[in-house]
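Written below as structure tokens is the structure these notes are about.
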Amino acid sequence: MSKKIVVITGSPRKNGNSFAMTDAFIKAAEEKGHSVIRFDTAKMNVGGCHACESCYKTGKACSFDDDFNLIAPAVLEADVVVFSMPVYWYSIPAQIKAVIDKLYSFCVAGKDIAEKECMLIACCEEDDMTVLDGVRIPVERSAALIKWHVAGEVLIPGVLNAGDIEKTGGCKQAAALAEKI
């Protein structure tokens with residue numbers, strides 16, 4: 001059965017390692033007949049949440065008119081939401097963190113977004129797998145809070161320079177993630 005997939009990336013480096021894994025995932029998902037919408041947050045204008053709790057009161061997810069209002073309708077319609085990012089300073093890059101924070105708008109507005117599948121694709125410079133905890137744990141906890149099911153993760157350490165991902169199984173693992181949908 002074909003599913004609607006939203007992929008949200010958090011890297012500004014177009015030819016970077018997380019982008020290569022994202023591309024591999026998207027190609028595999030589309031080959032399986034799924035529809036994919038991709039949002040590259042580093043090229044978008046998504047500000048931080050103001051906690052004003054006026055979400056959806058203007059008809060838009062966020063009353064501060066930014067690009068989250070393009071992402072929110074796609075997330076509402078999606079069956080699967082995939083977050084793809086590198087680790088920045090042991091945490092989630094600001095570009096994608098603003099989107100994750102604004103998922104709060106669905107809760108404030110009483111929008112039912114439960115029961116979606118969620119996936120994570122991430123990489124980091126260091127060889128220590130625990131460095132990836134800085135993105136893995138917040139994504140997993142956020143998914144639990146909004147009652148999404150984490151259906152799979154690809155976590156690749158030891159990649160810094162563009163192209164380093166080719167020395168790992170990261171792209172193959174990302175493509176295989178599409179098999180879990």
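We label chains A, B, ... in the order they appear in the structure tokens, count residues from 1 in each chain, and number ligands from 1 in the order shown.
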As an MDAnalysis selection string, please: the residues near region 176-181 of chain A (cut-off 7 Å, only C-alpha atoms, same-chain neighbours under 4 positions excluded). chainID A and resid 25 28:29 151:152 172
Export, as a PDB file, in the first residue's frame, the selected residues with C-alpha atoms.
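Result saved to selection.pdb:
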ATOM      1  CA  PHE A  25      16.002   6.743   1.259  1.00  0.00           C
ATOM      2  CA  ALA A  28      14.059   3.600  -2.459  1.00  0.00           C
ATOM      3  CA  ALA A  29      10.725   4.845  -1.062  1.00  0.00           C
ATOM      4  CA  ALA A 151       9.653   2.614  12.759  1.00  0.00           C
ATOM      5  CA  GLY A 152      13.388   2.785  12.133  1.00  0.00           C
ATOM      6  CA  LYS A 172      22.393   1.271   1.906  1.00  0.00           C
TER       7      LYS A 172
END
Region 12-178 of chain A: residues DSSP assigns to strand (DSSP E or B), reported as a PyMOL selection string: chain A and resi 35-40+80-86+88+91+117-123+149-156
Find the nearest atom pair between each residue of region 84-116 of chain A and region 45-66 of chain A for residues within 6 Å, count only C-alpha atoms, give distances in Å to one decimal, sort rows by chain and ascending number, and present the table as JSON lines.
{"residue": "A:Ala98", "atom": "CA", "partner": "A:Gly48", "partner_atom": "CA", "distance": 4.9}
{"residue": "A:Lys102", "atom": "CA", "partner": "A:Cys49", "partner_atom": "CA", "distance": 5.7}
{"residue": "A:Ser105", "atom": "CA", "partner": "A:Cys55", "partner_atom": "CA", "distance": 5.2}
Just want the 12 Å neighbourhood of region 135-142 of chain A, counted on only C-alpha atoms, with same-chain residues fewer than 5 positions away dropped. Output as a compact mmCIF listing (two decimals) with all heavy atoms, in the first residue's frame.
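The resulting file, selection-v6.txt, is shown below:
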# COMPACT_ATOMS: atom_id res chain seq x y z
N GLY A 10 17.80 18.66 7.92
CA GLY A 10 18.32 19.74 8.74
C GLY A 10 19.75 20.13 8.43
O GLY A 10 20.41 20.72 9.25
N VAL A 81 6.73 10.36 8.84
CA VAL A 81 7.56 11.56 8.89
C VAL A 81 9.00 11.11 9.16
O VAL A 81 9.26 10.39 10.13
CB VAL A 81 7.09 12.54 9.98
CG1 VAL A 81 8.00 13.76 10.03
CG2 VAL A 81 5.64 12.96 9.74
N VAL A 82 9.91 11.52 8.29
CA VAL A 82 11.31 11.15 8.40
C VAL A 82 12.12 12.41 8.68
O VAL A 82 12.02 13.40 7.95
CB VAL A 82 11.83 10.49 7.10
CG1 VAL A 82 13.30 10.12 7.23
CG2 VAL A 82 10.98 9.26 6.76
N PHE A 83 12.91 12.36 9.75
CA PHE A 83 13.82 13.46 10.07
C PHE A 83 15.23 13.01 9.68
O PHE A 83 15.66 11.92 10.04
CB PHE A 83 13.79 13.77 11.57
CG PHE A 83 12.46 14.28 12.04
CD1 PHE A 83 11.60 13.47 12.75
CD2 PHE A 83 12.06 15.59 11.77
CE1 PHE A 83 10.37 13.92 13.18
CE2 PHE A 83 10.84 16.06 12.19
CZ PHE A 83 9.98 15.22 12.91
N SER A 84 15.93 13.86 8.95
CA SER A 84 17.29 13.54 8.51
C SER A 84 18.20 14.71 8.84
O SER A 84 17.90 15.85 8.46
CB SER A 84 17.31 13.28 7.00
OG SER A 84 18.62 13.03 6.56
N MET A 85 19.32 14.41 9.52
CA MET A 85 20.18 15.51 9.97
C MET A 85 21.56 15.02 10.39
O MET A 85 21.72 13.87 10.78
CB MET A 85 19.53 16.22 11.16
CG MET A 85 19.47 15.36 12.42
SD MET A 85 18.41 16.02 13.72
CE MET A 85 16.84 15.35 13.24
N PRO A 86 22.52 15.92 10.35
CA PRO A 86 23.80 15.66 11.01
C PRO A 86 23.68 16.10 12.48
O PRO A 86 22.74 16.82 12.84
CB PRO A 86 24.77 16.58 10.26
CG PRO A 86 23.91 17.75 9.85
CD PRO A 86 22.54 17.18 9.59
N VAL A 87 24.62 15.68 13.28
CA VAL A 87 24.71 16.17 14.66
C VAL A 87 25.50 17.47 14.62
O VAL A 87 26.57 17.53 14.03
CB VAL A 87 25.41 15.14 15.57
CG1 VAL A 87 25.65 15.72 16.95
CG2 VAL A 87 24.59 13.86 15.66
N TYR A 88 24.96 18.52 15.24
CA TYR A 88 25.66 19.80 15.38
C TYR A 88 25.93 20.02 16.86
O TYR A 88 24.98 20.13 17.64
CB TYR A 88 24.81 20.95 14.85
CG TYR A 88 24.88 21.19 13.36
CD1 TYR A 88 25.35 20.24 12.48
CD2 TYR A 88 24.43 22.39 12.84
CE1 TYR A 88 25.40 20.48 11.12
CE2 TYR A 88 24.48 22.63 11.48
CZ TYR A 88 24.96 21.66 10.63
OH TYR A 88 25.00 21.91 9.28
N TRP A 89 27.17 20.10 17.23
CA TRP A 89 27.54 20.35 18.62
C TRP A 89 26.75 19.46 19.58
O TRP A 89 26.16 19.94 20.54
CB TRP A 89 27.40 21.84 18.97
CG TRP A 89 28.47 22.65 18.31
CD1 TRP A 89 28.37 23.33 17.14
CD2 TRP A 89 29.80 22.82 18.76
NE1 TRP A 89 29.57 23.92 16.84
CE2 TRP A 89 30.48 23.62 17.82
CE3 TRP A 89 30.51 22.36 19.87
CZ2 TRP A 89 31.81 23.98 17.95
CZ3 TRP A 89 31.84 22.72 19.99
CH2 TRP A 89 32.47 23.52 19.05
N TYR A 90 26.70 18.17 19.24
CA TYR A 90 26.10 17.13 20.09
C TYR A 90 24.60 17.25 20.22
O TYR A 90 24.00 16.77 21.17
CB TYR A 90 26.77 17.11 21.48
CG TYR A 90 28.26 16.95 21.35
CD1 TYR A 90 29.11 18.05 21.42
CD2 TYR A 90 28.82 15.72 21.08
CE1 TYR A 90 30.47 17.92 21.24
CE2 TYR A 90 30.19 15.56 20.89
CZ TYR A 90 31.01 16.68 20.98
OH TYR A 90 32.36 16.54 20.79
N SER A 91 23.97 17.90 19.24
CA SER A 91 22.53 18.10 19.33
C SER A 91 21.92 18.23 17.94
O SER A 91 22.58 18.04 16.92
CB SER A 91 22.25 19.36 20.16
OG SER A 91 20.88 19.48 20.44
N ILE A 92 20.65 18.61 17.92
CA ILE A 92 19.88 18.79 16.69
C ILE A 92 20.22 20.15 16.07
O ILE A 92 20.22 21.16 16.77
CB ILE A 92 18.37 18.71 17.00
CG1 ILE A 92 18.02 17.31 17.52
CG2 ILE A 92 17.53 19.07 15.80
CD1 ILE A 92 16.60 17.19 18.03
N PRO A 93 20.48 20.21 14.77
CA PRO A 93 20.73 21.50 14.13
C PRO A 93 19.52 22.43 14.28
O PRO A 93 18.38 22.01 14.19
CB PRO A 93 20.94 21.15 12.65
CG PRO A 93 21.30 19.70 12.64
CD PRO A 93 20.59 19.09 13.81
N ALA A 94 19.80 23.71 14.48
CA ALA A 94 18.73 24.70 14.69
C ALA A 94 17.72 24.71 13.56
O ALA A 94 16.53 24.91 13.80
CB ALA A 94 19.35 26.09 14.86
N ILE A 96 16.37 22.38 11.82
CA ILE A 96 15.31 21.38 11.93
C ILE A 96 14.68 21.40 13.33
O ILE A 96 13.52 21.05 13.50
CB ILE A 96 15.85 19.97 11.56
CG1 ILE A 96 14.70 18.99 11.31
CG2 ILE A 96 16.81 19.47 12.60
CD1 ILE A 96 15.16 17.68 10.69
N LYS A 97 15.41 21.87 14.32
CA LYS A 97 14.88 21.93 15.68
C LYS A 97 13.68 22.85 15.74
O LYS A 97 12.70 22.56 16.44
CB LYS A 97 15.97 22.41 16.65
CG LYS A 97 15.52 22.50 18.11
CD LYS A 97 15.23 21.15 18.70
CE LYS A 97 15.15 21.15 20.20
NZ LYS A 97 13.87 21.55 20.75
N VAL A 99 11.44 23.27 13.48
CA VAL A 99 10.30 22.51 12.97
C VAL A 99 9.80 21.54 14.04
O VAL A 99 8.59 21.44 14.30
CB VAL A 99 10.67 21.75 11.68
CG1 VAL A 99 9.55 20.80 11.26
CG2 VAL A 99 10.98 22.74 10.56
N ILE A 100 10.72 20.84 14.67
CA ILE A 100 10.34 19.88 15.72
C ILE A 100 9.63 20.61 16.86
O ILE A 100 8.58 20.16 17.34
CB ILE A 100 11.57 19.09 16.21
CG1 ILE A 100 12.08 18.19 15.08
CG2 ILE A 100 11.23 18.28 17.46
CD1 ILE A 100 13.43 17.55 15.34
N ASP A 101 10.15 21.76 17.26
CA ASP A 101 9.50 22.54 18.32
C ASP A 101 8.08 22.95 17.92
O ASP A 101 7.17 22.96 18.75
CB ASP A 101 10.31 23.79 18.66
CG ASP A 101 11.58 23.48 19.43
OD1 ASP A 101 11.76 22.33 19.88
OD2 ASP A 101 12.40 24.41 19.58
N LYS A 102 7.90 23.30 16.66
CA LYS A 102 6.59 23.78 16.22
C LYS A 102 5.58 22.65 16.00
O LYS A 102 4.40 22.93 15.73
CB LYS A 102 6.73 24.65 14.98
CG LYS A 102 7.28 26.03 15.33
CD LYS A 102 7.22 26.97 14.15
CE LYS A 102 7.59 28.38 14.60
NZ LYS A 102 7.39 29.35 13.53
N LEU A 103 5.99 21.41 16.16
CA LEU A 103 5.00 20.32 16.18
C LEU A 103 4.02 20.53 17.33
O LEU A 103 2.90 20.02 17.31
CB LEU A 103 5.69 18.95 16.31
CG LEU A 103 6.57 18.52 15.14
CD1 LEU A 103 7.24 17.19 15.45
CD2 LEU A 103 5.79 18.45 13.84
N TYR A 104 4.45 21.30 18.30
CA TYR A 104 3.61 21.69 19.43
C TYR A 104 2.30 22.31 18.96
O TYR A 104 1.26 22.17 19.62
CB TYR A 104 4.41 22.68 20.30
CG TYR A 104 3.69 23.24 21.50
CD1 TYR A 104 3.25 22.41 22.53
CD2 TYR A 104 3.50 24.61 21.64
CE1 TYR A 104 2.62 22.94 23.65
CE2 TYR A 104 2.87 25.16 22.75
CZ TYR A 104 2.43 24.30 23.75
OH TYR A 104 1.81 24.83 24.86
N CYS A 107 -0.63 20.02 18.95
CA CYS A 107 -1.15 19.73 20.29
C CYS A 107 -2.03 20.86 20.79
O CYS A 107 -3.13 20.63 21.29
CB CYS A 107 0.00 19.49 21.26
SG CYS A 107 1.10 18.14 20.78
N ALA A 114 -1.67 11.55 15.98
CA ALA A 114 -1.19 10.30 16.57
C ALA A 114 -1.17 9.18 15.51
O ALA A 114 -1.80 9.28 14.47
CB ALA A 114 -2.09 9.89 17.73
N GLU A 117 3.96 6.97 11.60
CA GLU A 117 5.28 6.38 11.75
C GLU A 117 6.31 7.49 11.65
O GLU A 117 6.11 8.48 10.95
CB GLU A 117 5.53 5.33 10.66
CG GLU A 117 4.66 4.11 10.80
CD GLU A 117 4.92 3.09 9.71
OE1 GLU A 117 5.71 3.36 8.78
OE2 GLU A 117 4.30 2.02 9.77
N CYS A 118 7.40 7.31 12.36
CA CYS A 118 8.48 8.29 12.38
C CYS A 118 9.79 7.55 12.17
O CYS A 118 9.96 6.43 12.65
CB CYS A 118 8.46 9.00 13.74
SG CYS A 118 9.79 10.18 14.00
N MET A 119 10.69 8.17 11.44
CA MET A 119 12.01 7.59 11.20
C MET A 119 13.08 8.66 11.37
O MET A 119 12.79 9.85 11.20
CB MET A 119 12.09 6.98 9.80
CG MET A 119 11.12 5.84 9.59
SD MET A 119 11.25 5.18 7.93
CE MET A 119 10.56 3.56 8.19
N LEU A 120 14.28 8.21 11.68
CA LEU A 120 15.41 9.12 11.87
C LEU A 120 16.60 8.65 11.06
O LEU A 120 16.96 7.46 11.12
CB LEU A 120 15.79 9.20 13.35
CG LEU A 120 17.05 9.98 13.71
CD1 LEU A 120 16.93 11.45 13.32
CD2 LEU A 120 17.37 9.84 15.19
N ILE A 121 17.19 9.56 10.31
CA ILE A 121 18.44 9.34 9.59
C ILE A 121 19.41 10.40 10.11
O ILE A 121 19.13 11.59 10.01
CB ILE A 121 18.25 9.48 8.07
CG1 ILE A 121 17.25 8.44 7.55
CG2 ILE A 121 19.59 9.38 7.35
CD1 ILE A 121 16.81 8.66 6.10
N ALA A 122 20.52 9.97 10.69
CA ALA A 122 21.46 10.94 11.26
C ALA A 122 22.90 10.44 11.16
O ALA A 122 23.15 9.24 11.10
CB ALA A 122 21.11 11.22 12.72
N CYS A 123 23.81 11.39 11.16
CA CYS A 123 25.23 11.06 11.14
C CYS A 123 25.99 12.09 11.97
O CYS A 123 25.49 13.17 12.26
CB CYS A 123 25.76 11.01 9.71
SG CYS A 123 25.55 12.53 8.76
N CYS A 124 27.22 11.70 12.33
CA CYS A 124 28.06 12.61 13.11
C CYS A 124 29.53 12.39 12.75
O CYS A 124 29.90 11.38 12.18
CB CYS A 124 27.83 12.43 14.60
SG CYS A 124 28.40 10.85 15.26
N MET A 129 29.28 6.24 19.06
CA MET A 129 27.84 6.16 18.77
C MET A 129 27.01 6.99 19.75
O MET A 129 25.92 7.45 19.39
CB MET A 129 27.36 4.71 18.82
CG MET A 129 27.67 3.90 17.57
SD MET A 129 26.83 4.50 16.08
CE MET A 129 25.14 4.05 16.42
N THR A 130 27.50 7.19 20.96
CA THR A 130 26.70 7.94 21.94
C THR A 130 26.55 9.41 21.54
O THR A 130 25.65 10.09 22.03
CB THR A 130 27.27 7.84 23.36
OG1 THR A 130 28.56 8.45 23.41
CG2 THR A 130 27.36 6.39 23.82
N LYS A 147 2.60 10.41 20.24
CA LYS A 147 2.09 9.07 19.93
C LYS A 147 2.39 8.61 18.49
O LYS A 147 1.55 8.04 17.81
CB LYS A 147 0.59 8.97 20.24
CG LYS A 147 0.30 9.18 21.71
CD LYS A 147 -1.17 9.11 22.01
CE LYS A 147 -1.50 9.22 23.46
NZ LYS A 147 -0.91 10.26 24.22
N TRP A 148 3.63 8.91 18.06
CA TRP A 148 4.12 8.38 16.80
C TRP A 148 4.92 7.13 17.11
O TRP A 148 5.51 7.01 18.19
CB TRP A 148 5.01 9.39 16.09
CG TRP A 148 4.29 10.56 15.50
CD1 TRP A 148 2.95 10.81 15.51
CD2 TRP A 148 4.88 11.64 14.79
NE1 TRP A 148 2.68 11.99 14.87
CE2 TRP A 148 3.85 12.52 14.41
CE3 TRP A 148 6.18 11.97 14.44
CZ2 TRP A 148 4.08 13.69 13.69
CZ3 TRP A 148 6.42 13.13 13.74
CH2 TRP A 148 5.36 13.98 13.36
N HIS A 149 4.98 6.22 16.16
CA HIS A 149 5.76 4.99 16.31
C HIS A 149 7.09 5.14 15.58
O HIS A 149 7.10 5.39 14.37
CB HIS A 149 5.00 3.80 15.72
CG HIS A 149 3.62 3.65 16.27
ND1 HIS A 149 3.37 3.17 17.53
CD2 HIS A 149 2.41 3.95 15.74
CE1 HIS A 149 2.07 3.17 17.75
NE2 HIS A 149 1.46 3.64 16.68
N VAL A 150 8.20 5.01 16.30
CA VAL A 150 9.51 5.07 15.65
C VAL A 150 9.69 3.75 14.91
O VAL A 150 9.84 2.69 15.52
CB VAL A 150 10.65 5.31 16.66
CG1 VAL A 150 11.99 5.30 15.94
CG2 VAL A 150 10.45 6.63 17.39
N ALA A 151 9.63 3.81 13.59
CA ALA A 151 9.65 2.61 12.76
C ALA A 151 11.06 2.24 12.31
O ALA A 151 11.25 1.15 11.76
CB ALA A 151 8.75 2.82 11.54
N GLY A 152 12.03 3.11 12.52
CA GLY A 152 13.39 2.78 12.13
C GLY A 152 14.32 3.96 12.25
O GLY A 152 13.89 5.12 12.21
N GLU A 153 15.59 3.65 12.43
CA GLU A 153 16.63 4.67 12.55
C GLU A 153 17.88 4.19 11.83
O GLU A 153 18.22 3.01 11.86
CB GLU A 153 16.98 4.90 14.02
CG GLU A 153 15.85 5.42 14.87
CD GLU A 153 16.18 5.52 16.35
OE1 GLU A 153 16.99 4.70 16.85
OE2 GLU A 153 15.61 6.41 17.00
N VAL A 154 18.56 5.13 11.20
CA VAL A 154 19.89 4.90 10.64
C VAL A 154 20.79 5.93 11.29
O VAL A 154 20.60 7.13 11.12
CB VAL A 154 19.91 5.04 9.10
CG1 VAL A 154 21.34 4.92 8.58
CG2 VAL A 154 19.00 4.01 8.45
N LEU A 155 21.74 5.47 12.07
CA LEU A 155 22.64 6.33 12.83
C LEU A 155 24.08 5.97 12.46
O LEU A 155 24.55 4.87 12.78
CB LEU A 155 22.40 6.14 14.34
CG LEU A 155 20.94 6.33 14.80
CD1 LEU A 155 20.79 5.92 16.25
CD2 LEU A 155 20.49 7.76 14.58
N ILE A 156 24.75 6.89 11.80
CA ILE A 156 26.08 6.61 11.25
C ILE A 156 27.13 7.54 11.87
O ILE A 156 27.09 8.75 11.64
CB ILE A 156 26.10 6.76 9.71
CG1 ILE A 156 25.03 5.88 9.06
CG2 ILE A 156 27.50 6.45 9.16
CD1 ILE A 156 25.24 4.38 9.25
Pick from A:Thr41, A:Pro157, A:Ile26, A:Glu125, whichever lies nearest to Ile5 (chain A) using only C-alpha atoms: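 Ranking A:Thr41, A:Pro157, A:Ile26, A:Glu125 by distance to Ile5 (chain A), first place goes to A:Ile26.
From CA of Ser18 (chain A) back to CA of Asp128 (chain A), the distance works out to 17.1 Å.
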Between A:Leu70, A:Ala162, A:Ala109, A:Val75, single out the one closest to Lys14 (chain A), counting only C-alpha atoms. A:Ala162
Output as a PyMOL selection string all residues of region 42-136 of chain A that backbone DSSP marks as alpha helix (DSSP H). chain A and resi 68-77+94-102+104-108+133-136
Take the residues just selected and output them with C-alpha atoms as a compact mmCIF listing (two decimals), in the first residue's frame.
# COMPACT_ATOMS: atom_id res chain seq x y z
CA PHE A 68 6.42 26.02 8.98
CA ASN A 69 3.02 26.84 7.50
CA LEU A 70 4.15 25.01 4.34
CA ILE A 71 5.39 22.01 6.30
CA ALA A 72 2.46 21.61 8.73
CA PRO A 73 -0.23 20.62 6.19
CA ALA A 74 2.07 17.98 4.73
CA VAL A 75 2.78 16.56 8.20
CA LEU A 76 -0.95 16.45 8.93
CA GLU A 77 -1.54 14.41 5.76
CA ALA A 94 18.73 24.70 14.69
CA GLN A 95 17.28 24.53 11.18
CA ILE A 96 15.31 21.38 11.93
CA LYS A 97 14.88 21.93 15.68
CA ALA A 98 12.55 24.85 14.98
CA VAL A 99 10.30 22.51 12.97
CA ILE A 100 10.34 19.88 15.72
CA ASP A 101 9.50 22.54 18.32
CA LYS A 102 6.59 23.78 16.22
CA TYR A 104 3.61 21.69 19.43
CA SER A 105 1.11 23.63 17.30
CA PHE A 106 -0.78 20.41 16.57
CA CYS A 107 -1.15 19.73 20.29
CA VAL A 108 -2.31 23.28 21.09
CA ASP A 133 22.12 10.38 21.37
CA GLY A 134 21.87 14.17 21.08
CA VAL A 135 19.50 13.75 18.13
CA ARG A 136 18.15 10.25 18.71
Between CA of Ala174 (chain A) and CA of Thr22 (chain A), what distance in Å does the model show, to one decimal?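 Calculated distance between CA of Ala174 (chain A) and CA of Thr22 (chain A) is 7.0 Å.
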When distances are computed from only C-alpha atoms, which of A:Asp79, A:Lys111, A:Asn15, A:Val7 shows the smallest separation from Lys27 (chain A)?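 Of A:Asp79, A:Lys111, A:Asn15, A:Val7, the one nearest Lys27 (chain A) is A:Val7, counting only C-alpha atoms.
Rounded to one decimal, CA of Ala144 (chain A) and CA of Ile113 (chain A) lie 11.8 Å from each other.
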Taking only C-alpha atoms into account, name the residue in A:Leu145, A:Ala42, A:Cys171, A:Val36 that is nearest to Lys4 (chain A).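 Closest candidate: A:Val36.
Checking A:Lys3, A:Ile8, A:Gly16, A:Lys32 one by one against Asn161 (chain A), counting only C-alpha atoms, you find the shortest gap at A:Gly16.
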